[in-house]
$ cat model_19.txt   # compact mmCIF, C-alpha atoms
# COMPACT_ATOMS: atom_id res chain seq x y z
CA MET V 21 95.00 104.90 98.42
CA ARG V 22 98.01 103.57 96.53
CA ASP V 23 99.24 100.00 97.04
CA SER V 24 102.23 99.94 94.65
CA LEU V 25 105.58 101.61 95.31
CA LEU V 26 105.20 105.32 94.68
CA ARG V 27 108.09 107.37 93.27
CA LEU V 28 107.75 111.04 94.18
CA THR V 29 109.18 113.97 92.24
CA ASN V 30 110.01 117.62 92.82
CA PHE V 31 107.65 120.41 91.75
CA ILE V 32 109.61 123.21 90.05
CA ASP V 33 108.42 125.99 87.75
CA GLY V 34 104.89 124.64 87.72
CA GLU V 35 105.86 121.10 86.65
CA TYR V 36 106.80 117.82 88.29
CA CYS V 37 110.37 116.74 87.60
CA ALA V 38 112.80 114.06 88.72
CA PRO V 39 115.70 115.12 90.94
CA LEU V 40 118.88 116.11 89.14
CA THR V 41 120.76 113.94 91.63
CA ASN V 42 118.87 110.89 90.30
CA SER V 43 118.87 109.54 93.84
CA TYR V 44 116.00 108.69 96.18
CA LEU V 45 115.32 107.94 99.83
CA PRO V 46 112.89 105.27 101.10
CA VAL V 47 109.63 106.36 102.72
CA PHE V 48 108.29 103.94 105.34
CA GLU V 49 104.67 103.44 106.32
CA PRO V 50 104.77 103.84 110.12
CA ALA V 51 101.95 101.37 110.78
CA THR V 52 103.66 98.51 108.94
CA GLY V 53 107.34 99.46 108.79
CA LYS V 54 107.30 98.72 105.06
CA ILE V 55 108.61 100.97 102.27
CA PHE V 56 105.68 102.34 100.27
CA ALA V 57 107.33 105.25 98.42
CA GLU V 58 110.60 106.80 97.31
CA VAL V 59 111.30 110.50 97.76
CA PRO V 60 113.92 112.51 95.86
CA ASP V 61 117.20 113.02 97.68
CA SER V 62 117.62 116.42 96.04
CA GLY V 63 120.79 118.50 96.20
CA ALA V 64 122.21 121.92 95.41
CA ALA V 65 121.49 121.69 91.67
CA ASP V 66 117.80 121.06 92.34
CA ILE V 67 117.68 124.02 94.72
CA ASP V 68 119.43 126.17 92.10
CA SER V 69 116.78 125.19 89.55
CA ALA V 70 113.96 126.03 91.96
CA VAL V 71 115.51 129.36 92.94
CA ALA V 72 115.95 130.28 89.27
CA ALA V 73 112.26 129.52 88.61
CA ALA V 74 111.16 131.49 91.68
CA THR V 75 113.37 134.43 90.73
CA ARG V 76 111.81 134.57 87.26
CA ALA V 77 108.35 134.57 88.81
CA GLN V 78 109.09 136.97 91.66
CA HIS V 79 108.54 140.32 89.95
CA GLY V 80 105.22 139.32 88.44
CA TRP V 81 103.90 137.83 91.68
CA ALA V 82 105.03 140.82 93.74
CA GLN V 83 103.26 143.14 91.29
CA THR V 84 100.05 141.10 91.39
CA ALA V 85 97.35 143.04 93.18
CA PRO V 86 96.71 141.87 96.76
CA SER V 87 93.09 141.13 95.88
CA GLN V 88 94.26 138.83 93.07
CA ARG V 89 96.74 137.07 95.34
CA ALA V 90 93.93 136.62 97.85
CA ALA V 91 91.67 135.13 95.19
CA MET V 92 94.40 132.67 94.22
CA LEU V 93 94.90 131.57 97.83
CA ARG V 94 91.16 130.99 98.14
CA ARG V 95 91.20 128.83 95.00
CA ILE V 96 94.03 126.77 96.51
CA ALA V 97 91.96 126.39 99.70
CA ASP V 98 88.98 125.23 97.63
CA GLN V 99 91.15 122.64 95.86
CA ILE V 100 92.46 121.26 99.16
CA GLU V 101 88.93 121.09 100.56
CA ALA V 102 87.69 119.25 97.48
CA ARG V 103 90.38 116.59 98.00
CA LEU V 104 90.05 116.38 101.78
CA GLU V 105 89.27 112.67 101.97
CA ALA V 106 92.10 111.61 99.65
CA LEU V 107 94.60 113.89 101.38
CA ALA V 108 93.57 112.62 104.82
CA GLU V 109 94.06 109.00 103.76
CA GLU V 110 97.47 109.71 102.27
CA GLU V 111 98.57 111.67 105.33
CA SER V 112 97.41 108.90 107.66
CA ARG V 113 99.46 106.37 105.72
CA ASP V 114 102.38 108.77 105.42
CA SER V 115 102.62 109.84 109.07
CA GLY V 116 100.92 107.11 111.09
CA LYS V 117 98.33 109.47 112.57
CA PRO V 118 94.69 108.34 112.88
CA VAL V 119 92.80 109.12 109.71
CA LYS V 120 90.03 110.78 111.71
CA VAL V 121 92.57 113.29 113.04
CA ALA V 122 93.80 114.05 109.52
CA ARG V 123 90.18 114.49 108.38
CA SER V 124 89.08 116.69 111.27
CA VAL V 125 92.23 118.67 112.09
CA ASP V 126 95.20 118.55 109.73
CA ILE V 127 93.62 118.97 106.31
CA PRO V 128 90.90 121.40 107.44
CA ARG V 129 93.57 123.53 109.12
CA ALA V 130 95.51 123.62 105.84
CA VAL V 131 92.36 124.95 104.18
CA THR V 132 91.98 127.54 106.94
CA ASN V 133 95.60 128.64 106.55
CA PHE V 134 95.05 129.66 102.94
CA ARG V 135 91.71 131.34 103.65
CA PHE V 136 93.02 133.24 106.66
CA PHE V 137 96.06 134.60 104.85
CA ALA V 138 93.95 135.38 101.79
CA ALA V 139 92.07 137.79 104.02
CA MET V 140 95.36 139.12 105.38
CA ALA V 141 96.60 139.78 101.84
CA GLU V 142 93.76 142.24 101.41
CA SER V 143 94.38 144.00 104.71
CA PHE V 144 98.17 144.48 104.86
CA VAL V 145 98.59 148.13 105.81
CA SER V 146 101.38 150.68 105.82
CA GLU V 147 101.90 153.17 108.62
CA SER V 148 102.93 156.80 108.87
CA HIS V 149 103.91 158.90 111.86
CA GLN V 150 104.39 162.68 111.94
CA GLY V 151 107.56 163.77 113.71
CA GLU V 152 107.90 166.70 116.12
CA VAL V 153 109.69 168.92 113.59
CA GLY V 154 107.30 168.39 110.70
CA THR V 155 108.93 165.22 109.34
CA LEU V 156 106.90 162.24 108.22
CA ASN V 157 108.09 158.71 108.93
CA TYR V 158 106.39 155.91 107.08
CA THR V 159 106.54 152.13 106.96
CA LEU V 160 105.93 150.49 103.59
CA ARG V 161 105.55 146.72 103.64
CA GLN V 162 106.94 145.06 100.53
CA PRO V 163 107.75 141.45 99.54
CA LEU V 164 111.19 140.19 100.51
CA GLY V 165 111.66 138.08 97.39
CA VAL V 166 112.35 134.35 97.21
CA VAL V 167 112.01 132.64 100.60
CA GLY V 168 112.55 129.11 101.93
CA CYS V 169 110.05 127.16 104.03
CA ILE V 170 111.13 123.98 105.86
CA SER V 171 108.44 121.98 107.65
CA PRO V 172 108.50 118.97 110.00
CA TRP V 173 106.98 115.51 109.80
CA ASN V 174 104.39 115.65 112.59
CA LEU V 175 101.81 117.88 110.83
CA PRO V 176 102.99 117.57 107.23
CA LEU V 177 100.49 119.60 105.19
CA TYR V 178 99.14 121.77 108.00
CA LEU V 179 102.51 123.23 109.04
CA LEU V 180 103.82 123.46 105.48
CA THR V 181 100.81 125.53 104.40
CA TRP V 182 101.10 127.61 107.57
CA LYS V 183 104.43 128.80 106.17
CA ILE V 184 103.59 128.90 102.45
CA ALA V 185 100.27 130.78 102.72
CA PRO V 186 101.55 133.94 104.47
CA ALA V 187 104.65 134.06 102.26
CA LEU V 188 102.52 133.95 99.11
CA ALA V 189 100.00 136.40 100.54
CA ALA V 190 102.80 138.93 101.11
CA GLY V 191 103.97 138.62 97.51
CA ASN V 192 106.97 136.32 97.98
CA CYS V 193 107.83 133.29 95.86
CA VAL V 194 108.55 130.13 97.83
CA ILE V 195 110.93 127.18 97.82
CA ALA V 196 109.34 124.64 100.16
CA LYS V 197 111.18 121.65 101.60
CA PRO V 198 108.86 119.24 103.39
CA SER V 199 110.15 116.53 105.67
CA GLU V 200 111.56 113.56 103.81
CA VAL V 201 109.88 111.35 106.43
CA THR V 202 106.34 112.42 105.46
CA PRO V 203 106.53 113.84 101.92
CA VAL V 204 103.37 112.65 100.17
CA SER V 205 100.83 115.35 101.04
CA ALA V 206 103.36 118.05 100.10
CA TRP V 207 103.93 116.26 96.80
CA LEU V 208 100.18 116.34 96.15
CA LEU V 209 100.16 120.08 96.84
CA GLY V 210 101.81 120.54 93.44
CA GLU V 211 98.71 119.12 91.73
CA ILE V 212 96.54 121.38 93.85
CA VAL V 213 98.29 124.64 92.94
CA GLN V 214 98.37 123.57 89.29
CA ALA V 215 94.61 123.09 89.36
CA ALA V 216 94.16 126.45 91.11
CA GLY V 217 96.15 128.21 88.38
CA LEU V 218 99.07 129.48 90.47
CA PRO V 219 101.66 130.95 88.06
CA PRO V 220 104.71 128.70 87.44
CA GLY V 221 107.61 129.32 89.78
CA VAL V 222 105.61 131.04 92.51
CA LEU V 223 105.62 127.87 94.62
CA ASN V 224 108.33 125.24 94.19
CA ILE V 225 108.51 122.06 96.27
CA VAL V 226 111.92 120.41 96.51
CA GLN V 227 112.04 117.09 98.33
CA GLY V 228 115.06 115.74 100.15
CA GLY V 229 117.00 115.35 103.36
CA GLY V 230 118.58 118.00 105.50
CA PRO V 231 122.29 117.51 104.79
CA ARG V 232 122.04 118.01 101.01
CA CYS V 233 118.72 119.63 100.19
CA GLY V 234 118.09 121.58 103.37
CA GLN V 235 121.64 122.86 103.64
CA ALA V 236 121.64 124.04 100.03
CA LEU V 237 118.35 125.87 100.61
CA VAL V 238 119.28 127.72 103.78
CA THR V 239 122.68 128.85 102.48
CA HIS V 240 121.62 129.82 98.96
CA PRO V 241 122.59 133.48 98.43
CA ARG V 242 119.34 134.38 96.64
CA ILE V 243 117.09 133.09 99.42
CA LYS V 244 116.05 136.13 101.47
CA ALA V 245 114.43 134.42 104.46
CA ILE V 246 114.02 130.99 106.04
CA SER V 247 111.07 129.73 108.06
CA PHE V 248 111.93 126.50 109.89
CA THR V 249 110.05 124.26 112.30
CA GLY V 250 111.98 121.35 113.78
CA SER V 251 114.60 120.37 116.30
CA THR V 252 116.62 122.80 118.37
CA ALA V 253 119.86 121.32 117.06
CA THR V 254 118.87 121.86 113.43
CA GLY V 255 117.55 125.34 114.15
CA GLY V 256 120.86 126.25 115.78
CA ALA V 257 122.74 124.93 112.76
CA ILE V 258 120.57 127.03 110.42
CA ALA V 259 121.20 130.15 112.51
CA ALA V 260 124.95 129.53 112.41
CA ALA V 261 125.02 128.72 108.68
CA THR V 262 123.13 131.89 107.73
CA ALA V 263 124.61 134.33 110.25
CA THR V 264 127.02 135.98 107.82
CA GLN V 265 124.32 136.26 105.15
CA PHE V 266 121.99 138.22 107.48
CA LYS V 267 118.93 136.33 106.28
CA LYS V 268 115.65 136.86 108.07
CA LEU V 269 114.94 133.75 110.15
CA SER V 270 111.86 132.32 111.81
CA LEU V 271 112.86 129.33 113.94
CA GLU V 272 110.29 127.27 115.83
CA MET V 273 112.22 124.66 117.76
CA GLY V 274 111.83 122.08 120.52
CA GLY V 275 110.53 122.60 124.02
CA LYS V 276 109.53 120.72 127.16
CA ASN V 277 105.91 121.69 127.77
CA ALA V 278 104.25 121.29 131.16
CA THR V 279 100.54 120.88 131.87
CA VAL V 280 99.98 122.59 135.24
CA VAL V 281 96.93 121.46 137.23
CA PHE V 282 95.64 123.26 140.34
CA ALA V 283 93.22 121.94 142.93
CA ASP V 284 90.50 124.48 142.04
CA CYS V 285 90.35 123.46 138.36
CA ASP V 286 87.27 122.39 136.42
CA PHE V 287 88.14 118.77 137.16
CA GLU V 288 86.42 116.75 134.43
CA ARG V 289 87.43 119.19 131.71
CA THR V 290 91.00 119.37 133.00
CA VAL V 291 91.41 115.60 132.98
CA ALA V 292 90.04 115.33 129.44
CA GLU V 293 92.20 118.18 128.15
CA SER V 294 95.30 116.82 129.90
CA VAL V 295 94.84 113.47 128.16
CA ARG V 296 94.29 115.22 124.83
CA ALA V 297 97.35 117.39 125.38
CA ALA V 298 99.51 114.37 126.17
CA PHE V 299 98.42 111.93 123.48
CA SER V 300 97.15 113.84 120.43
CA ASN V 301 98.94 112.62 117.31
CA GLN V 302 100.69 110.02 119.50
CA GLY V 303 102.17 112.90 121.50
CA GLN V 304 104.04 114.08 118.39
CA ILE V 305 103.06 117.75 118.44
CA CYS V 306 105.31 120.58 119.60
CA LEU V 307 102.48 121.84 121.82
CA CYS V 308 101.85 118.50 123.54
CA GLY V 309 102.15 118.39 127.32
CA SER V 310 105.16 116.16 127.85
CA ARG V 311 104.95 116.41 131.66
CA ILE V 312 102.13 117.10 134.11
CA LEU V 313 102.55 119.09 137.32
CA VAL V 314 99.63 118.57 139.72
CA GLU V 315 98.93 120.36 143.00
CA ARG V 316 99.67 117.80 145.71
CA SER V 317 96.21 117.80 147.30
CA LEU V 318 94.60 116.85 143.98
CA LEU V 319 97.20 114.32 142.84
CA PRO V 320 95.57 111.00 143.91
CA ARG V 321 92.18 111.91 142.44
CA PHE V 322 93.69 113.34 139.26
CA ARG V 323 95.99 110.36 138.72
CA GLU V 324 93.13 107.86 139.03
CA ALA V 325 90.88 109.79 136.64
CA PHE V 326 93.71 110.43 134.18
CA LEU V 327 94.61 106.74 133.98
CA ALA V 328 90.97 105.78 133.49
CA LYS V 329 90.69 108.25 130.61
CA VAL V 330 93.90 106.95 129.01
CA ALA V 331 92.53 103.40 129.19
CA GLU V 332 89.60 104.50 127.00
CA LEU V 333 91.89 105.44 124.11
CA LYS V 334 91.91 102.91 121.31
CA VAL V 335 95.32 102.18 119.82
CA GLY V 336 95.02 100.71 116.34
CA ASP V 337 95.55 100.90 112.62
CA PRO V 338 95.76 104.61 111.70
CA ARG V 339 93.39 104.05 108.78
CA ASP V 340 90.69 102.64 111.07
CA PRO V 341 88.27 105.51 111.82
CA ALA V 342 87.79 104.12 115.33
CA SER V 343 91.49 104.48 116.27
CA ASP V 344 92.42 107.27 118.68
CA ILE V 345 96.14 106.51 118.63
CA GLY V 346 98.01 105.39 115.53
CA ALA V 347 101.68 104.63 114.99
CA VAL V 348 104.71 106.73 115.93
CA VAL V 349 106.32 108.08 112.82
CA SER V 350 109.40 105.87 112.48
CA ALA V 351 111.45 103.04 113.92
CA ALA V 352 113.96 105.63 115.14
CA HIS V 353 111.27 107.51 116.99
CA LEU V 354 109.92 104.28 118.48
CA ALA V 355 113.41 103.47 119.74
CA LYS V 356 113.66 106.94 121.30
CA VAL V 357 110.37 106.49 123.14
CA GLN V 358 111.44 103.06 124.38
CA SER V 359 114.77 104.49 125.55
CA TYR V 360 112.95 106.97 127.80
CA ILE V 361 110.83 104.19 129.27
CA ALA V 362 114.00 102.24 129.98
CA LEU V 363 115.55 105.33 131.57
CA ALA V 364 112.50 105.73 133.80
CA HIS V 365 113.00 102.16 135.04
CA GLU V 366 116.72 102.80 135.62
CA GLU V 367 115.99 105.91 137.67
CA GLY V 368 113.46 104.13 139.89
CA GLY V 369 110.31 105.25 138.15
CA ARG V 370 107.07 103.25 138.39
CA LEU V 371 104.94 102.85 135.27
CA LEU V 372 101.24 103.11 136.00
CA THR V 373 100.03 101.97 132.59
CA GLY V 374 101.47 100.83 129.25
CA GLY V 375 105.19 100.74 128.67
CA GLU V 376 105.16 97.92 126.14
CA ARG V 377 105.11 98.08 122.38
CA LEU V 378 101.65 97.16 121.12
CA LYS V 379 101.53 94.78 118.18
CA ILE V 380 98.45 94.71 115.98
CA ASP V 381 97.75 91.78 113.65
CA GLY V 382 101.19 90.41 114.41
CA ARG V 383 102.98 93.61 113.33
$ encode --input "model_19.txt" --output "structure tokens"
Amino acid sequence: MRDSLLRLTNFIDGEYCAPLTNSYLPVFEPATGKIFAEVPDSGAADIDSAVAAATRAQHGWAQTAPSQRAAMLRRIADQIEARLEALAEEESRDSGKPVKVARSVDIPRAVTNFRFFAAMAESFVSESHQGEVGTLNYTLRQPLGVVGCISPWNLPLYLLTWKIAPALAAGNCVIAKPSEVTPVSAWLLGEIVQAAGLPPGVLNIVQGGGPRCGQALVTHPRIKAISFTGSTATGGAIAAATATQFKKLSLEMGGKNATVVFADCDFERTVAESVRAAFSNQGQICLCGSRILVERSLLPRFREAFLAKVAELKVGDPRDPASDIGAVVSAAHLAKVQSYIALAHEEGGRLLTGGERLKIDGR
């Protein structure tokens, strides 16, 4: 764990390098609200440099045998697993999530991502179909080329590797842009792929915000595809910005998920899973149940049991292994949560528990 101000860099062509913009953004520790790092505020020139490196590496990586690509992905998985404790601590500090969640879910899932897609690299298949008049139609799966991967702040390393691993497995070179809110674990991924021996330029990590760095990435003419996870508004902007370039897009955007509970459910399990669905990672997961619809006959019993289960959750310092709930990711996100509580009051809602900001050790 680092206590001094940390200045992050980009990872381009197999090496760490300062941003060509020579400008940085502050990174706040959610649990304290204090700046603990600076992340590059990269721009178009940095993206150009990364794309040039990826383009140089593309032919060689695409021609690498699938079995060799798979072996490389497994070495990356081994390197992540070997650094699990350190990565979990950094991600807890970076994102505000409980360290036990980072240890048991986020970092292990990043390991699994690389191992799963290593197996996929060895089993990609082509298809052929005989036509009625003696013709033969076939599908040959080939790498697209240089692709862009943009990941969100809520599951920093897990979701970034979920994009990177399949792209590399398929023979593509990658320009990755992690969230500028939680950039540290992605920054450490550069050390990991260096140690694993990934050829320079195959994976490039460019840090920065959306308006300069993200925009330059999604509109770059040599980027063949974009995979994005984030807000609906940003996903819509990416679709509009790339429409005339006919890029391949994968957009995972916002939703309003409902947990639906019926009277004939497995009651104890349903209550426990409903609490987990609502509050995992402070509720900051795109799959979290943000509303609960309960069959009327079960409502009183369910509500009482649900509240009792919520009361058992320990809110505390994310780095305390006993904490179930850590800190929301930013002051802006805290304000958003508080605004919805205020709106509930305005619309006549009745809070059954909580509703106040919890301060720990005077913070």
$ residues_around --input "model_19.txt" --residues "Ile312 (chain V)" --least-positions-apart "3" --cutoff "12 Å" --atoms "all atoms listed in the file" --output "ChimeraX atom specification"
/V:276-282,290-291,293-295,297-298,308-309,315-316,319,322-323,326
$ residues_near_point --input "model_19.txt" --point "(91.7, 129.4, 104.5)" --cutoff "12 Å" --atoms "only C-alpha atoms" --output "VMD selection string"
chain V and resid 90 to 101 127 to 141 178 181 to 182 185 to 186 189
$ residues_near_point --input "model_19.txt" --point "(94.7, 114.4, 113.6)" --cutoff "12 Å" --atoms "only C-alpha atoms" --output "ChimeraX atom specification"
/V:108-109,111-112,115-129,174-178,296,299-305,338-339,341,343-346
$ closest_atom_pairs --input "model_19.txt" --of "region 46-102 of chain V" --to "region 190-210 of chain V" --cutoff "7 Å" --atoms "all atoms listed in the file" --output "Markdown table"
| residue | atom | partner | partner_atom | distance |
| --- | --- | --- | --- | --- |
| V:Val47 | CA | V:Val201 | CA | 6.2 |
| V:Val59 | CA | V:Glu200 | CA | 6.8 |
| V:Ala70 | CA | V:Ile195 | CA | 6.7 |
| V:Ala74 | CA | V:Cys193 | CA | 5.6 |
| V:Gln78 | CA | V:Cys193 | CA | 5.7 |
| V:Trp81 | CA | V:Gly191 | CA | 5.9 |
| V:Ala82 | CA | V:Gly191 | CA | 4.5 |
$ atom_distance --input "model_19.txt" --atom1 "CA of Leu45 (chain V)" --atom2 "CA of Leu28 (chain V)"
9.9 Å
